[in-house]
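Student: Sending over entry17.cif (mmCIF, C-alpha atoms).
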```cif
data_my_file
loop_
_atom_site.label_atom_id
_atom_site.label_comp_id
_atom_site.auth_asym_id
_atom_site.auth_seq_id
_atom_site.Cartn_x
_atom_site.Cartn_y
_atom_site.Cartn_z
CA MET A 1 114.97 118.48 106.53
CA LYS A 2 118.07 116.75 105.14
CA ILE A 3 119.34 113.35 103.98
CA SER A 4 123.03 112.45 104.06
CA ALA A 5 124.61 110.96 100.94
CA ASP A 6 126.36 108.54 103.32
CA LEU A 7 123.29 106.31 103.11
CA VAL A 8 124.40 105.17 99.65
CA GLY A 9 125.79 101.64 99.93
CA ARG A 10 123.66 100.61 102.88
CA GLU A 11 122.09 97.21 102.40
CA ILE A 12 120.06 94.48 104.05
CA GLU A 13 120.48 90.76 104.44
CA PRO A 14 118.46 88.74 101.90
CA ASP A 15 114.79 88.68 102.88
CA ALA A 16 113.05 85.30 102.42
CA GLN A 17 109.60 85.32 100.86
CA GLN A 18 107.43 82.29 100.19
CA VAL A 19 105.39 82.80 97.04
CA ASP A 20 102.25 80.69 96.89
CA LYS A 21 99.54 80.18 94.30
CA ARG A 22 96.99 82.13 96.33
CA TRP A 23 99.19 85.25 96.32
CA LEU A 24 99.90 84.97 92.58
CA MET A 25 96.20 84.58 91.79
CA ALA A 26 95.06 87.31 94.19
CA TYR A 27 97.40 89.91 92.70
CA SER A 28 96.10 89.31 89.20
CA ALA A 29 92.49 89.17 90.40
CA GLY A 30 92.88 92.50 92.20
CA LEU A 31 93.76 94.01 88.81
CA GLY A 32 90.79 92.35 87.10
CA GLU A 33 92.97 89.71 85.47
CA THR A 34 92.52 85.93 85.39
CA GLU A 35 95.98 85.02 84.06
CA TYR A 36 98.93 84.86 86.46
CA PRO A 37 101.63 85.69 87.33
CA HIS A 38 101.22 89.32 86.32
CA PRO A 39 104.47 90.91 85.01
CA LEU A 40 104.49 93.37 87.94
CA PHE A 41 104.08 90.72 90.65
CA PRO A 42 107.71 91.24 91.81
CA VAL A 43 106.58 94.40 93.64
CA CYS A 44 104.72 92.09 96.04
CA TYR A 45 107.63 90.00 97.26
CA GLU A 46 109.93 93.07 97.22
CA TRP A 47 107.72 95.10 99.58
CA PRO A 48 109.03 93.71 102.91
CA ALA A 49 112.60 94.32 101.71
CA THR A 50 111.76 97.91 100.74
CA ARG A 51 110.56 98.57 104.28
CA GLN A 52 113.64 96.97 105.81
CA LEU A 53 115.99 98.94 103.56
CA ARG A 54 114.31 102.25 104.33
CA GLU A 55 114.77 101.49 108.03
CA ARG A 56 118.40 100.48 107.48
CA ALA A 57 119.00 103.76 105.62
CA GLY A 58 117.39 105.74 108.42
CA LEU A 59 114.59 107.01 106.18
CA ALA A 60 111.59 105.23 107.72
CA PRO A 61 110.70 108.26 109.91
CA ILE A 62 110.09 110.36 106.79
CA ASP A 63 108.08 107.77 104.85
CA ALA A 64 105.21 110.27 104.57
CA ARG A 65 107.45 112.41 102.33
CA LEU A 66 108.18 109.51 99.98
CA VAL A 67 106.75 109.57 96.47
CA HIS A 68 107.42 106.69 94.07
CA ALA A 69 109.18 108.56 91.25
CA GLN A 70 110.49 105.91 88.83
CA HIS A 71 110.39 102.16 88.41
CA ASP A 72 112.73 99.95 86.39
CA LEU A 73 112.01 96.21 86.53
CA ILE A 74 113.96 93.49 84.74
CA VAL A 75 112.20 90.12 84.72
CA HIS A 76 114.76 87.34 84.37
CA ARG A 77 112.01 84.74 84.60
CA ALA A 78 108.45 84.62 85.87
CA PRO A 79 108.04 83.84 89.59
CA LYS A 80 106.15 80.71 90.62
CA GLU A 81 105.25 78.86 93.81
CA GLU A 82 108.66 78.94 95.48
CA LYS A 83 110.91 80.48 98.12
CA LEU A 84 112.69 83.64 96.99
CA LEU A 85 115.50 85.69 98.54
CA VAL A 86 115.34 89.46 98.05
CA SER A 87 118.50 91.52 98.56
CA GLY A 88 118.39 95.32 98.76
CA LYS A 89 120.91 98.15 98.55
CA VAL A 90 120.81 101.94 98.25
CA VAL A 91 122.67 102.62 94.98
CA ALA A 92 122.15 106.36 94.48
CA ALA A 93 121.14 109.63 96.14
CA LEU A 94 120.59 112.61 93.86
CA GLN A 95 119.44 116.17 94.49
CA ARG A 96 116.39 117.18 92.50
CA LYS A 97 114.48 120.44 92.55
CA PRO A 98 111.47 119.09 94.51
CA GLY A 99 113.60 117.01 96.90
CA THR A 100 116.08 114.14 97.14
CA LEU A 101 115.86 111.11 94.84
CA VAL A 102 116.99 107.85 96.46
CA VAL A 103 117.39 104.75 94.30
CA TYR A 104 116.91 101.37 95.97
CA ARG A 105 118.00 98.27 94.04
CA PHE A 106 116.41 94.90 94.78
CA GLU A 107 117.82 91.68 93.39
CA THR A 108 115.77 88.52 93.79
CA ARG A 109 117.09 84.99 93.42
CA ASP A 110 115.55 81.56 93.79
CA ALA A 111 116.65 78.74 96.09
CA ASN A 112 119.34 77.75 93.58
CA GLY A 113 120.78 81.26 93.45
CA GLU A 114 119.43 81.94 89.96
CA PRO A 115 118.14 85.49 89.24
CA VAL A 116 114.38 86.03 89.08
CA SER A 117 114.05 89.83 88.98
CA THR A 118 116.01 93.06 89.45
CA THR A 119 114.30 96.33 90.32
CA ASP A 120 115.47 99.91 90.68
CA PHE A 121 112.86 101.60 92.88
CA SER A 122 113.42 105.37 92.80
CA ALA A 123 111.82 107.35 95.62
CA LEU A 124 111.58 111.13 95.78
CA TYR A 125 111.60 112.58 99.30
CA ARG A 126 109.64 115.82 98.89
CA GLY A 127 111.15 118.95 100.38
CA VAL A 128 114.24 117.12 101.64
CA ASP A 129 117.78 118.36 100.85
CA LEU A 130 120.77 116.11 100.15
CA GLU A 131 123.92 116.63 102.21
CA GLY A 132 127.24 115.62 100.66
CA GLY A 133 126.33 115.99 96.99
CA ASP A 134 125.07 113.46 94.46
CA ARG A 135 126.42 109.95 94.99
CA THR A 136 126.02 106.72 92.99
CA ILE A 137 127.65 103.30 93.18
CA ALA A 138 125.87 101.71 90.21
CA LYS A 139 124.56 102.73 86.82
CA VAL A 140 121.00 104.02 87.08
CA ASP A 141 119.01 104.44 83.86
CA ASP A 142 116.47 107.17 83.24
CA PRO A 143 113.63 106.05 80.96
CA PRO A 144 113.89 108.03 77.71
CA PRO A 145 110.97 109.98 76.22
CA PRO A 146 108.97 108.25 73.46
CA THR A 147 110.40 108.51 69.98
CA GLN A 148 107.04 108.79 68.20
CA GLY A 149 103.41 109.74 68.76
CA LEU A 150 101.25 107.65 71.07
CA LYS A 151 97.69 106.58 70.30
CA VAL A 152 94.86 105.85 72.72
CA ILE A 153 94.59 102.08 73.20
CA GLY A 154 92.17 101.82 76.11
CA GLU A 155 90.66 103.13 79.32
CA ILE A 156 91.18 102.15 82.95
CA PRO A 157 88.16 102.66 85.24
CA VAL A 158 89.50 103.14 88.78
CA ALA A 159 86.93 102.32 91.45
CA ALA A 160 86.69 104.15 94.77
CA THR A 161 87.81 100.93 96.48
CA ALA A 162 90.72 100.16 94.11
CA ALA A 163 93.51 101.04 96.56
CA HIS A 164 92.03 98.92 99.37
CA ILE A 165 91.65 95.92 97.05
CA TYR A 166 95.17 96.33 95.68
CA THR A 167 96.59 96.65 99.21
CA GLU A 168 95.13 93.33 100.33
CA CYS A 169 95.77 91.39 97.11
CA ALA A 170 99.35 92.63 96.73
CA ARG A 171 100.06 92.50 100.50
CA ILE A 172 101.51 96.00 100.20
CA TRP A 173 100.51 98.23 103.12
CA ASN A 174 101.04 101.98 103.04
CA PRO A 175 98.38 104.11 104.78
CA ILE A 176 98.54 106.97 102.23
CA HIS A 177 96.56 104.59 99.99
CA THR A 178 93.88 103.54 102.48
CA ASP A 179 93.73 105.92 105.46
CA VAL A 180 92.21 109.32 104.63
CA GLU A 181 93.41 111.02 107.81
CA TYR A 182 96.97 109.80 107.32
CA ALA A 183 97.02 110.80 103.65
CA ARG A 184 95.80 114.33 104.40
CA ALA A 185 98.28 114.70 107.25
CA ALA A 186 100.98 113.81 104.72
CA GLY A 187 99.88 116.72 102.54
CA LEU A 188 97.79 114.76 100.04
CA PRO A 189 94.25 115.77 99.06
CA ASP A 190 92.92 112.26 99.79
CA ILE A 191 94.04 108.65 99.60
CA ILE A 192 95.72 107.90 96.27
CA LEU A 193 96.13 104.76 94.19
CA HIS A 194 99.49 103.00 94.47
CA GLY A 195 101.86 103.91 91.66
CA THR A 196 102.51 100.22 91.08
CA ALA A 197 98.76 99.60 90.76
CA THR A 198 98.49 102.29 88.09
CA LEU A 199 101.52 100.80 86.35
CA ALA A 200 100.19 97.24 86.56
CA LEU A 201 96.80 98.25 85.15
CA SER A 202 98.54 100.13 82.34
CA VAL A 203 100.77 97.16 81.54
CA SER A 204 97.68 94.93 81.35
CA ARG A 205 96.10 97.24 78.76
CA VAL A 206 99.29 97.39 76.70
CA ALA A 207 99.85 93.64 76.88
CA ALA A 208 96.28 92.94 75.73
CA LYS A 209 96.43 95.46 72.87
CA PHE A 210 99.76 94.25 71.49
CA ASN A 211 99.27 90.58 72.39
CA LEU A 212 102.42 90.41 74.50
CA GLN A 213 103.24 86.89 75.64
CA LYS A 214 106.31 87.85 77.65
CA VAL A 215 107.61 90.96 79.40
CA SER A 216 111.34 91.26 80.03
CA ARG A 217 111.61 94.86 81.20
CA LEU A 218 109.28 97.61 82.45
CA ARG A 219 110.34 101.24 82.93
CA CYS A 220 108.46 104.43 83.68
CA ARG A 221 108.26 107.73 85.52
CA PHE A 222 105.35 108.45 87.81
CA ALA A 223 104.12 111.92 86.90
CA GLY A 224 100.98 112.46 88.96
CA MET A 225 98.71 111.04 91.64
CA VAL A 226 95.56 109.06 90.91
CA LEU A 227 92.53 109.89 93.04
CA MET A 228 89.54 107.55 93.23
CA PRO A 229 87.16 107.05 91.59
CA SER A 230 88.51 108.15 88.23
CA THR A 231 89.05 107.07 84.64
CA LEU A 232 92.48 106.87 83.04
CA THR A 233 93.45 106.49 79.39
CA VAL A 234 96.45 104.54 78.14
CA HIS A 235 98.35 105.79 75.06
CA ALA A 236 100.93 103.58 73.34
CA SER A 237 102.80 102.73 70.15
CA ARG A 238 105.36 100.16 69.09
CA ALA A 239 108.96 101.37 68.78
CA GLY A 240 111.15 98.60 67.38
CA ASP A 241 111.27 95.71 69.82
CA ALA A 242 109.70 97.77 72.62
CA ILE A 243 106.39 99.53 73.26
CA ALA A 244 106.25 103.11 74.51
CA PHE A 245 103.25 104.12 76.61
CA GLU A 246 101.80 106.89 78.74
CA THR A 247 98.81 106.92 81.07
CA ARG A 248 96.76 110.09 81.53
CA ASN A 249 94.01 111.24 83.87
CA ALA A 250 90.62 112.67 82.94
CA GLN A 251 92.18 116.12 82.47
CA GLY A 252 94.64 114.71 79.93
CA LYS A 253 97.65 115.08 82.23
CA PRO A 254 100.14 112.20 82.51
CA VAL A 255 100.15 110.12 85.68
CA ILE A 256 102.69 107.74 84.10
CA GLU A 257 105.12 109.00 81.47
CA ARG A 258 108.15 107.62 79.64
CA GLY A 259 106.73 104.15 79.98
CA TRP A 260 108.50 101.32 78.13
CA ILE A 261 107.75 97.62 77.87
CA GLY A 262 110.28 95.32 76.28
#
```
Starting from the file, lay out its structure as structure tokens.
Tutor:
Amino acid sequence: MKISADLVGREIEPDAQQVDKRWLMAYSAGLGETEYPHPLFPVCYEWPATRQLRERAGLAPIDARLVHAQHDLIVHRAPKEEKLLVSGKVVAALQRKPGTLVVYRFETRDANGEPVSTTDFSALYRGVDLEGGDRTIAKVDDPPPPTQGLKVIGEIPVAATAAHIYTECARIWNPIHTDVEYARAAGLPDIILHGTATLALSVSRVAAKFNLQKVSRLRCRFAGMVLMPSTLTVHASRAGDAIAFETRNAQGKPVIERGWIG
């Protein structure tokens, strides 16, 4: 199976999303939080645009091969009850050993055209080769490894129903997280927790531990799948103005690595 590098540069028209208080509250509640908006809420209003852009790029038929590989979110300001416009473009396609990495960039603005968030969503298409060689039209940052040791700061109990709750509260629907038959047909051992759910739960633990009042940027690599139920541990340390973190499963293996919160 192959992907053409010609998909780089494809884009969609701005997608309109109406953010309401119920959605903001539900997302936080699904993570066990009472404060809102959660720093990772942008993944909610970006989701329809991600689907549209995958279709525009011709990649929707191989969605089952998609694994969320990296996430880089810049929060220009917190979203509120408002209408947002989400633009999307494919900015890179890169050959990696396990498959092809495609980077989707989403830029969200408010009704006045002011920026709200910018996200680089990097998806690895497992077992898929890239035709035409690596291609990029924008700078894409890799999160660096931590510069010092990380200490355990807390645990995350993941319930057997966590993916279903996150799906409904975030309004993000992907059957690998809720449909056992679909997940196994896609080559997974069972349904798995959304990468953004694992990231959001990790960010909550870090924010509580370090008393963060504002998050401007989140970056990470997704290193492993999270089955349910399970217990995760979050490891973190301050590094200058940022906090480095890593989330590990019960076997001590990272499921999120090279995490940074600034």
Student: For the structure shown, which residues end up in the PyMOL selection byres ((chain A and resi 27) around 10)? Put them as JSON, numbers by chain, please?
Tutor: {"A": [22, 23, 24, 25, 26, 28, 29, 30, 31, 32, 33, 34, 36, 37, 38, 40, 41, 44, 165, 166, 167, 168, 169, 170, 171, 197, 200]}
Student: Could you jot down the CA of Ile256 in chain A to CA of Gly127 in chain A separation for me, Å, one decimal place?
Tutor: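 Value for the CA of Ile256 in chain A-CA of Gly127 in chain A distance: 21.5 Å.
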Student: Go through A:Glu46, A:Asp190, A:Asp110, A:Asp15 one by one, measure the shortest atom-to-atom distance of each to Met228 in chain A using all atoms listed in the file, and give the residue with the smallest value.
Tutor: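 Closest to Met228 in chain A of all the choices is A:Asp190.
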Student: Got a sec: who's within 9 Å of Leu124 in chain A, counting only C-alpha atoms, leaving out chain neighbours fewer than 3 positions off, as a VMD selection string?
Tutor: chain A and resid 65 to 70 96 98 to 103 128
Student: Please measure the separation of CA of Ala242 in chain A and CA of Val158 in chain A, giving the value in Å to one decimal.
Tutor: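 Between CA of Ala242 in chain A and CA of Val158 in chain A the gap is 26.4 Å.
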Student: Report, in Å with one decimal, the straight-line distance from CA of Ala49 in chain A to CA of Pro175 in chain A.
Tutor: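 That distance, rounded to one decimal, is 17.5 Å.
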Student: If we count all atoms listed in the file and set the cut-off at 10 Å, which residues sit around Glu11 in chain A, ignoring sequence neighbours fewer than 6 positions away in its own chain? Please answer as a list in words.
Tutor: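 Listed by chain and then number, they are Ala49, Gln52, Leu53, Arg54, Arg56, Ala57, Ser87, Gly88, Lys89, Val90, Val91, Tyr104, Arg105 and Phe106 of chain A.
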Student: Just checking: using all atoms listed in the file, which residue out of A:Gly133, A:Val116, A:Asp20, A:Ala93 ends up closest to Glu81 in chain A?
Tutor: A:Asp20
Student: List as JSON lines every residue of range 122-165 of chain A that is in contact with range 221-227 of chain A, defined as an atom at most 10 Å from one of its atoms (using all atoms listed in the file), together with the nearest atom pair and the distance in Å rounded to one decimal, sorted by chain and then rising number.
Tutor:
```
{"residue": "A:Ser122", "atom": "CA", "partner": "A:Arg221", "partner_atom": "CA", "distance": 9.2}
{"residue": "A:Asp142", "atom": "CA", "partner": "A:Arg221", "partner_atom": "CA", "distance": 8.5}
{"residue": "A:Pro143", "atom": "CA", "partner": "A:Arg221", "partner_atom": "CA", "distance": 7.2}
{"residue": "A:Pro144", "atom": "CA", "partner": "A:Arg221", "partner_atom": "CA", "distance": 9.6}
{"residue": "A:Pro145", "atom": "CA", "partner": "A:Arg221", "partner_atom": "CA", "distance": 9.9}
{"residue": "A:Val158", "atom": "CA", "partner": "A:Leu227", "partner_atom": "CA", "distance": 8.5}
{"residue": "A:Ala159", "atom": "CA", "partner": "A:Leu227", "partner_atom": "CA", "distance": 9.5}
{"residue": "A:Ala160", "atom": "CA", "partner": "A:Leu227", "partner_atom": "CA", "distance": 8.4}
{"residue": "A:Ala162", "atom": "CA", "partner": "A:Leu227", "partner_atom": "CA", "distance": 10.0}
{"residue": "A:Ala163", "atom": "CA", "partner": "A:Leu227", "partner_atom": "CA", "distance": 9.6}
```
Student: Find the residue from A:Ala183, A:Leu218, A:Ala250, A:Leu188 that sits nearest to Asp141 in chain A; use only C-alpha atoms when measuring.
Tutor: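 Of the candidates, the smallest distance to Asp141 in chain A is held by A:Leu218.
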Student: Which of these, A:Ile74, A:Ala92, A:Leu84, A:Val180, has the shortest distance to Val8 in chain A once you count only C-alpha atoms?
Tutor: A:Ala92
Student: Step by step: start from the point (105.1, 104.1, 81.3) in the file's coordinates, keep every protein, DNA or RNA residue that has an atom no farther than 6 Å from it, count all atoms listed in the file, and write the set as JSON, numbers by chain.
Tutor: {"A": [220, 245, 246, 256, 257, 258, 259, 260]}
Student: Determine the nearest neighbour of Leu232 in chain A from the options A:Gln213, A:Phe121, A:His177, A:Gln251, counting all atoms listed in the file.
Tutor: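 Nearest candidate to Leu232 in chain A out of A:Gln213, A:Phe121, A:His177, A:Gln251: A:Gln251.
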Student: From the options A:Lys151, A:Arg109, A:Lys97, A:Arg77, which residue's atoms come nearest to Ala16 in chain A, counting all atoms listed in the file?
Tutor: A:Arg109
Student: Could you name the residues that touch Ile176 in chain A at 8 Å or less, counting only C-alpha atoms, but leaving out those on the same chain fewer than 5 positions away, as a ChimeraX atom specification?
Tutor: /A:64,182-183,186,191-192
Student: Emit as AutoDock Vina command-line options the padded axis-aligned box for all listed atoms of range 137-152 of chain A, 8 Å per side, with centre and edge lengths in Å to one decimal.
Tutor:
```
--center_x 111.3 --center_y 105.8 --center_z 80.7 --size_x 48.8 --size_y 24.3 --size_z 41.0
```
Student: Which residues are near Gln17 in chain A? Cut-off 8 Å, only C-alpha atoms, ignore same chain within fewer than 2 positions. Put them as number ranges by chain.
Tutor: A: 15, 19, 45, 83-86
Student: I'd like a table as a Markdown table: residues in range 105-187 of chain A with an atom no more than 12 Å from range 206-211 of chain A, each row giving the shortest atom pair and its distance in Å to one decimal, all atoms listed in the file counted, sorted by chain and rising residue number.
Tutor:
```
| residue | atom | partner | partner_atom | distance |
| --- | --- | --- | --- | --- |
| A:Leu150 | CA | A:Val206 | CA | 11.9 |
| A:Lys151 | CA | A:Val206 | CA | 11.3 |
| A:Val152 | CA | A:Val206 | CA | 10.3 |
| A:Ile153 | CA | A:Lys209 | CA | 6.9 |
| A:Gly154 | CA | A:Lys209 | CA | 8.3 |
| A:Glu155 | CA | A:Val206 | CA | 10.7 |
| A:Ile156 | CA | A:Val206 | CA | 11.3 |
```
